[in-house]
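Asker: Have a peek at final.txt (compact mmCIF, C-alpha atoms).
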```
# COMPACT_ATOMS: atom_id res chain seq x y z
CA MET S 1295 39.26 -10.10 -62.35
CA SER S 1296 39.65 -8.53 -58.93
CA THR S 1297 40.93 -5.11 -58.14
CA THR S 1298 42.85 -4.39 -54.96
CA PRO S 1299 41.87 -0.97 -53.63
CA VAL S 1300 44.70 1.42 -52.93
CA SER S 1301 44.50 2.74 -49.38
CA ASN S 1302 44.65 6.45 -48.63
CA ALA S 1303 47.68 5.96 -46.38
CA GLN S 1304 49.63 4.14 -49.11
CA SER S 1305 48.80 6.52 -51.93
CA THR S 1306 49.28 9.84 -50.17
CA VAL S 1307 52.79 11.07 -50.87
CA LEU S 1308 54.26 13.76 -48.63
CA PRO S 1309 55.39 16.71 -50.78
CA ALA S 1310 59.09 17.57 -50.64
CA SER S 1311 58.40 21.03 -49.22
CA ALA S 1312 56.71 19.53 -46.15
CA SER S 1313 59.96 18.08 -44.83
CA LYS S 1314 61.65 21.47 -45.02
CA SER S 1315 58.91 23.67 -43.57
CA SER S 1316 58.48 24.50 -39.90
CA THR S 1317 55.25 26.47 -40.21
CA GLY S 1318 51.59 25.66 -40.77
CA ILE S 1319 49.95 22.49 -39.45
CA GLY S 1320 52.69 20.63 -37.61
CA ALA S 1321 55.52 20.75 -40.16
CA LEU S 1322 53.25 21.57 -43.11
CA THR S 1323 52.48 24.85 -44.81
CA PRO S 1324 48.90 25.54 -45.95
CA ALA S 1325 50.04 24.76 -49.54
CA ASP S 1326 51.41 21.37 -48.44
CA PHE S 1327 48.18 20.64 -46.63
CA LEU S 1328 46.10 21.36 -49.75
CA THR S 1329 48.42 19.13 -51.82
CA LEU S 1330 47.91 16.25 -49.42
CA MET S 1331 44.15 16.72 -49.41
CA THR S 1332 44.06 16.74 -53.22
CA ALA S 1333 46.16 13.58 -53.37
CA GLN S 1334 43.86 11.97 -50.83
CA LEU S 1335 40.78 12.73 -52.96
CA LYS S 1336 42.43 11.47 -56.17
CA ASN S 1337 43.57 8.20 -54.63
CA GLN S 1338 40.66 7.41 -52.36
CA ASP S 1339 39.11 3.95 -52.41
CA PRO S 1340 36.02 4.14 -54.68
CA LEU S 1341 34.36 1.56 -52.46
CA ASN S 1342 35.21 3.50 -49.32
CA PRO S 1343 35.43 7.21 -50.21
CA THR S 1344 36.63 9.86 -47.79
CA ASP S 1345 33.96 10.77 -45.27
CA SER S 1346 32.56 14.23 -46.03
CA ASN S 1347 32.58 15.19 -42.34
CA GLU S 1348 36.28 14.30 -42.12
CA PHE S 1349 36.97 16.35 -45.25
CA LEU S 1350 35.13 19.36 -43.80
CA SER S 1351 37.02 18.91 -40.53
CA GLN S 1352 40.32 19.04 -42.41
CA LEU S 1353 39.23 22.19 -44.24
CA ALA S 1354 38.29 23.74 -40.89
CA GLN S 1355 41.75 22.93 -39.55
CA LEU S 1356 43.37 24.63 -42.54
CA SER S 1357 41.12 27.66 -42.13
CA THR S 1358 41.91 27.90 -38.43
CA VAL S 1359 45.67 27.69 -38.91
CA SER S 1360 45.58 30.20 -41.77
CA GLY S 1361 43.51 32.54 -39.63
CA ILE S 1362 45.92 32.27 -36.70
CA THR S 1363 48.90 32.93 -38.99
CA SER S 1364 47.18 36.01 -40.40
CA MET S 1365 46.25 37.20 -36.91
CA ASN S 1366 49.84 36.77 -35.67
CA THR S 1367 51.12 38.84 -38.58
CA THR S 1368 48.55 41.54 -37.84
CA MET S 1369 49.45 41.57 -34.14
CA ASP S 1370 53.17 41.84 -34.95
CA ASN S 1371 52.49 44.82 -37.20
CA LEU S 1372 50.27 46.41 -34.54
CA SER S 1373 52.93 45.87 -31.87
CA SER S 1374 55.56 47.56 -34.05
CA SER S 1375 53.24 50.50 -34.67
CA LEU S 1376 52.45 50.87 -30.97
CA LEU S 1377 56.15 50.73 -30.06
CA SER S 1378 56.94 53.47 -32.58
CA SER S 1379 54.08 55.59 -31.27
CA GLN S 1380 55.20 54.99 -27.69
CA ALA S 1381 58.75 56.02 -28.59
CA LEU S 1382 57.56 59.33 -30.04
CA SER S 1383 55.27 60.04 -27.08
CA SER S 1384 57.91 59.14 -24.48
CA ALA S 1385 60.60 61.24 -26.16
CA SER S 1386 58.47 64.33 -25.50
CA LEU S 1387 58.93 63.76 -21.73
CA VAL S 1388 62.66 64.57 -21.90
CA GLY S 1389 63.26 67.78 -19.95
CA HIS S 1390 60.06 67.45 -17.92
CA GLY S 1391 59.85 66.98 -14.18
CA ILE S 1392 58.24 63.90 -12.68
CA LEU S 1393 56.97 63.00 -9.22
CA THR S 1394 57.18 59.40 -8.07
CA ALA S 1395 56.88 57.45 -4.83
CA THR S 1396 60.43 56.99 -3.54
CA GLY S 1397 62.37 58.13 -0.50
CA THR S 1398 65.92 58.16 -1.87
CA ALA S 1399 67.51 60.67 -4.21
CA SER S 1400 70.88 61.95 -5.36
CA TYR S 1401 71.34 65.50 -4.04
CA VAL S 1402 73.60 68.03 -5.73
CA ALA S 1403 74.78 70.89 -3.50
CA GLY S 1404 73.07 74.12 -4.45
CA ALA S 1405 70.07 72.44 -6.12
CA PRO S 1406 66.98 71.96 -3.89
CA LEU S 1407 65.67 68.46 -3.25
CA SER S 1408 61.90 68.62 -3.49
CA GLY S 1409 58.89 66.40 -3.46
CA ALA S 1410 55.62 65.81 -1.67
CA VAL S 1411 54.12 63.85 1.19
CA GLN S 1412 50.94 61.79 0.93
CA VAL S 1413 49.38 62.97 4.17
CA PRO S 1414 46.89 60.55 5.76
CA ASP S 1415 43.45 61.76 6.85
CA GLY S 1416 43.31 63.07 10.40
CA ALA S 1417 47.02 63.94 10.64
CA SER S 1418 47.81 66.71 13.14
CA SER S 1419 51.52 67.08 12.27
CA ILE S 1420 54.00 65.91 9.62
CA THR S 1421 57.76 65.61 10.16
CA LEU S 1422 60.31 64.79 7.48
CA THR S 1423 63.65 63.35 8.54
CA ILE S 1424 66.50 63.56 6.05
CA THR S 1425 69.42 61.20 6.52
CA ASP S 1426 72.66 60.72 4.59
CA ALA S 1427 73.97 57.52 3.00
CA ALA S 1428 75.42 56.42 6.36
CA GLY S 1429 72.06 56.85 8.10
CA ALA S 1430 73.04 59.96 10.07
CA VAL S 1431 70.24 62.51 10.56
CA VAL S 1432 70.94 65.68 8.59
CA ARG S 1433 67.76 67.74 8.79
CA HIS S 1434 64.22 67.78 10.20
CA ILE S 1435 61.50 69.54 8.19
CA THR S 1436 57.82 70.02 8.94
CA ALA S 1437 55.11 69.92 6.26
CA SER S 1438 51.47 70.91 6.19
CA PRO S 1439 49.24 68.27 7.84
CA GLY S 1440 46.43 68.86 5.34
CA ALA S 1441 45.17 65.62 3.80
CA GLY S 1442 46.43 64.71 0.34
CA LEU S 1443 49.69 65.60 -1.40
CA GLN S 1444 51.61 68.32 0.48
CA PRO S 1445 54.80 69.68 -1.17
CA PHE S 1446 58.13 70.18 0.57
CA SER S 1447 61.61 71.36 -0.41
CA TRP S 1448 65.04 70.96 1.17
CA ASP S 1449 67.71 73.51 0.30
CA GLY S 1450 70.58 71.41 1.58
CA THR S 1451 70.89 73.11 4.96
CA THR S 1452 71.49 70.86 7.97
CA ASP S 1453 69.88 71.27 11.41
CA SER S 1454 73.06 73.03 12.56
CA GLY S 1455 72.88 75.53 9.72
CA SER S 1456 75.76 74.18 7.63
CA ALA S 1457 75.52 73.10 4.01
CA ALA S 1458 75.20 69.38 3.33
CA PRO S 1459 77.55 67.95 0.69
CA SER S 1460 76.38 66.35 -2.54
CA GLY S 1461 75.45 62.72 -2.18
CA THR S 1462 72.63 60.25 -1.71
CA TYR S 1463 70.00 61.13 0.88
CA HIS S 1464 66.89 59.46 2.22
CA VAL S 1465 63.68 61.25 3.17
CA GLY S 1466 61.47 59.55 5.75
CA VAL S 1467 58.10 60.90 6.87
CA SER S 1468 56.18 60.38 10.09
CA ALA S 1469 52.65 61.59 10.76
CA ILE S 1470 50.80 62.02 14.03
CA VAL S 1471 47.26 60.70 13.58
CA ASN S 1472 44.92 60.62 16.58
CA GLY S 1473 47.90 60.78 18.91
CA SER S 1474 49.75 57.87 17.25
CA THR S 1475 52.81 58.02 15.01
CA GLN S 1476 52.65 56.35 11.62
CA ALA S 1477 54.70 56.40 8.44
CA ALA S 1478 53.54 58.39 5.43
CA THR S 1479 54.42 57.99 1.75
CA THR S 1480 57.24 60.12 0.39
CA LEU S 1481 57.32 61.25 -3.24
CA LEU S 1482 60.33 62.96 -4.82
CA ASN S 1483 60.84 65.09 -7.92
CA GLY S 1484 63.21 64.24 -10.75
CA THR S 1485 64.02 65.54 -14.22
CA VAL S 1486 63.80 63.26 -17.25
CA THR S 1487 67.04 63.31 -19.25
CA SER S 1488 66.42 60.27 -21.46
CA VAL S 1489 63.93 57.51 -22.14
CA THR S 1490 64.51 53.77 -22.48
CA LEU S 1491 62.06 51.57 -24.39
CA ASP S 1492 61.80 47.84 -23.79
CA PRO S 1493 61.50 46.24 -27.27
CA SER S 1494 59.82 43.20 -25.74
CA GLY S 1495 56.89 45.37 -24.63
CA GLY S 1496 57.95 45.68 -21.00
CA GLY S 1497 57.16 49.38 -20.93
CA VAL S 1498 58.93 52.73 -20.80
CA THR S 1499 61.67 53.72 -18.34
CA LEU S 1500 62.39 57.38 -17.62
CA ASN S 1501 65.99 58.11 -16.67
CA THR S 1502 66.63 60.87 -14.13
CA PRO S 1503 69.88 62.05 -12.49
CA GLU S 1504 68.15 62.50 -9.11
CA LEU S 1505 66.13 59.29 -8.84
CA GLY S 1506 67.75 56.96 -11.36
CA PRO S 1507 65.55 54.91 -13.74
CA ILE S 1508 61.81 55.19 -13.05
CA ALA S 1509 59.13 53.11 -14.77
CA LEU S 1510 56.58 55.34 -16.50
CA SER S 1511 53.81 53.37 -14.80
CA ASN S 1512 55.14 54.55 -11.40
CA VAL S 1513 55.00 58.25 -12.21
CA LYS S 1514 52.37 60.15 -10.23
CA GLN S 1515 52.76 63.59 -11.80
CA ILE S 1516 54.46 65.13 -14.83
CA SER S 1517 55.28 68.85 -14.95
```
What's the structure tokens form of this structure?
Answerer:
Amino acid sequence: MSTTPVSNAQSTVLPASASKSSTGIGALTPADFLTLMTAQLKNQDPLNPTDSNEFLSQLAQLSTVSGITSMNTTMDNLSSSLLSSQALSSASLVGHGILTATGTASYVAGAPLSGAVQVPDGASSITLTITDAAGAVVRHITASPGAGLQPFSWDGTTDSGSAAPSGTYHVGVSAIVNGSTQAATTLLNGTVTSVTLDPSGGGVTLNTPELGPIALSNVKQIS
């Protein structure tokens, strides 16, 4: 009497949960995977049993996927914790002044517009030129030529002595270095009134009435 071996492929029945799941190995959950492996062992051909190396390889796959799932959960929890911590830390910046590299600001009559100039080495003179939104020159100011950050402040007075109206102004800086004129970096001050957090992890944005939204990563000084 002969016996026809039952092949692994014919005897292994896909559990109902596998067709509904979208996690784990392909469309299988770890539980589905174990069910399939158990069915494979029960129904294997006695004359051609499952290779032990293949079995160990399948176990390794399950271990790897389970480990990745656990790691993803841990990373999600860590990300949520970091975002909460970042929110608390950033909220403490409200009301503080910041200094960032920009040349344009919203000026309110009666409130000084201040900032600093990144003076290049070897500069003999520094001139700031303030222009209005139309590009018309409003005021020329000189700053210390000492290397490094040199502060400046504009009280809103024009070159003719009149008061400039509220509006958007641009501050450009030119430096004389070894007899040649070159541009220098302008940094302006702003006051943080609110903070915006990017839930996707894009960072923190500080909102200021003078400079608009400024990325925290672009802030040079906090006072």
Asker: To one decimal in Å, tell me the separation between atom CA of S:Val1431 and atom CA of S:Glu1504.
Answerer: 19.8 Å
Asker: Distance cut-off 12 Å, centre (65.1, 54.6, -10.8) in file coordinates, counting only C-alpha atoms: which residues qualify? Return them as a PyMOL selection string.
Answerer: chain S and resi 1392-1400+1482-1486+1489-1490+1498-1510+1512-1513
Asker: Go ahead and compute the interatomic distance for atom CA of S:Gln1515 and atom CA of S:Leu1481, in Å to one decimal.
Answerer: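 Atom-to-atom, atom CA of S:Gln1515 and atom CA of S:Leu1481 are spaced 10.0 Å apart.
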Asker: Within 10 Å of S:Ala1403, counting all atoms listed in the file, which residues show up once you throw out same-chain ones fewer than 6 positions away? Write them as an mmCIF file with C-alpha atoms, keeping the file's coordinate frame, please.
Answerer:
```cif
data_model
loop_
_atom_site.group_PDB
_atom_site.id
_atom_site.type_symbol
_atom_site.label_atom_id
_atom_site.label_comp_id
_atom_site.auth_asym_id
_atom_site.auth_seq_id
_atom_site.Cartn_x
_atom_site.Cartn_y
_atom_site.Cartn_z
ATOM 1 C CA ASP S 1449 67.710 73.510 0.300
ATOM 2 C CA GLY S 1450 70.580 71.410 1.580
ATOM 3 C CA THR S 1451 70.890 73.110 4.960
ATOM 4 C CA ALA S 1457 75.520 73.100 4.010
ATOM 5 C CA ALA S 1458 75.200 69.380 3.330
ATOM 6 C CA PRO S 1459 77.550 67.950 0.690
ATOM 7 C CA SER S 1460 76.380 66.350 -2.540
ATOM 8 C CA GLY S 1461 75.450 62.720 -2.180
#
```
Asker: Per residue of stretch 1441-1513 of chain S within 9 Å of stretch 1405-1423 of chain S, note the shortest atom pair and the distance in Å to one decimal, counting all atoms listed in the file, and order the rows by chain and increasing residue number, as CSV.
Answerer:
```
residue,atom,partner,partner_atom,distance
S:Ala1441,CA,S:Val1413,CA,5.0
S:Gly1442,CA,S:Val1413,CA,5.1
S:Leu1443,CA,S:Gln1412,CA,4.6
S:Gln1444,CA,S:Val1411,CA,5.2
S:Pro1445,CA,S:Ala1410,CA,4.0
S:Phe1446,CA,S:Ala1410,CA,5.5
S:Ser1447,CA,S:Ser1408,CA,4.1
S:Trp1448,CA,S:Leu1407,CA,5.1
S:Asp1449,CA,S:Pro1406,CA,4.5
S:Gly1450,CA,S:Pro1406,CA,6.6
S:His1464,CA,S:Thr1423,CA,8.1
S:Val1465,CA,S:Thr1423,CA,5.8
S:Gly1466,CA,S:Thr1423,CA,5.2
S:Val1467,CA,S:Leu1422,CA,4.5
S:Ser1468,CA,S:Thr1421,CA,5.5
S:Ala1469,CA,S:Ile1420,CA,4.7
S:Ile1470,CA,S:Ser1419,CA,5.4
S:Val1471,CA,S:Ala1417,CA,4.4
S:Asn1472,CA,S:Gly1416,CA,6.8
S:Gly1473,CA,S:Ser1418,CA,8.3
S:Ala1478,CA,S:Gln1412,CA,6.2
S:Thr1479,CA,S:Gln1412,CA,5.2
S:Thr1480,CA,S:Val1411,CA,4.9
S:Leu1481,CA,S:Ala1410,CA,5.1
S:Leu1482,CA,S:Gly1409,CA,4.0
S:Asn1483,CA,S:Gly1409,CA,5.0
S:Gly1484,CA,S:Ser1408,CA,8.6
S:Glu1504,CA,S:Leu1407,CA,8.7
```
Asker: So which one's closest to S:Ser1511, S:His1390, S:Ser1384, S:Asp1453, S:Pro1493? Using only C-alpha atoms, please.
Answerer: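 Among the listed residues, the smallest separation from S:Ser1511 belongs to S:Ser1384.
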Asker: Do you have the atom CA of S:Ala1427-atom CA of S:Gln1476 distance handy?
Answerer: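 Those two atoms sit 23.0 Å apart.
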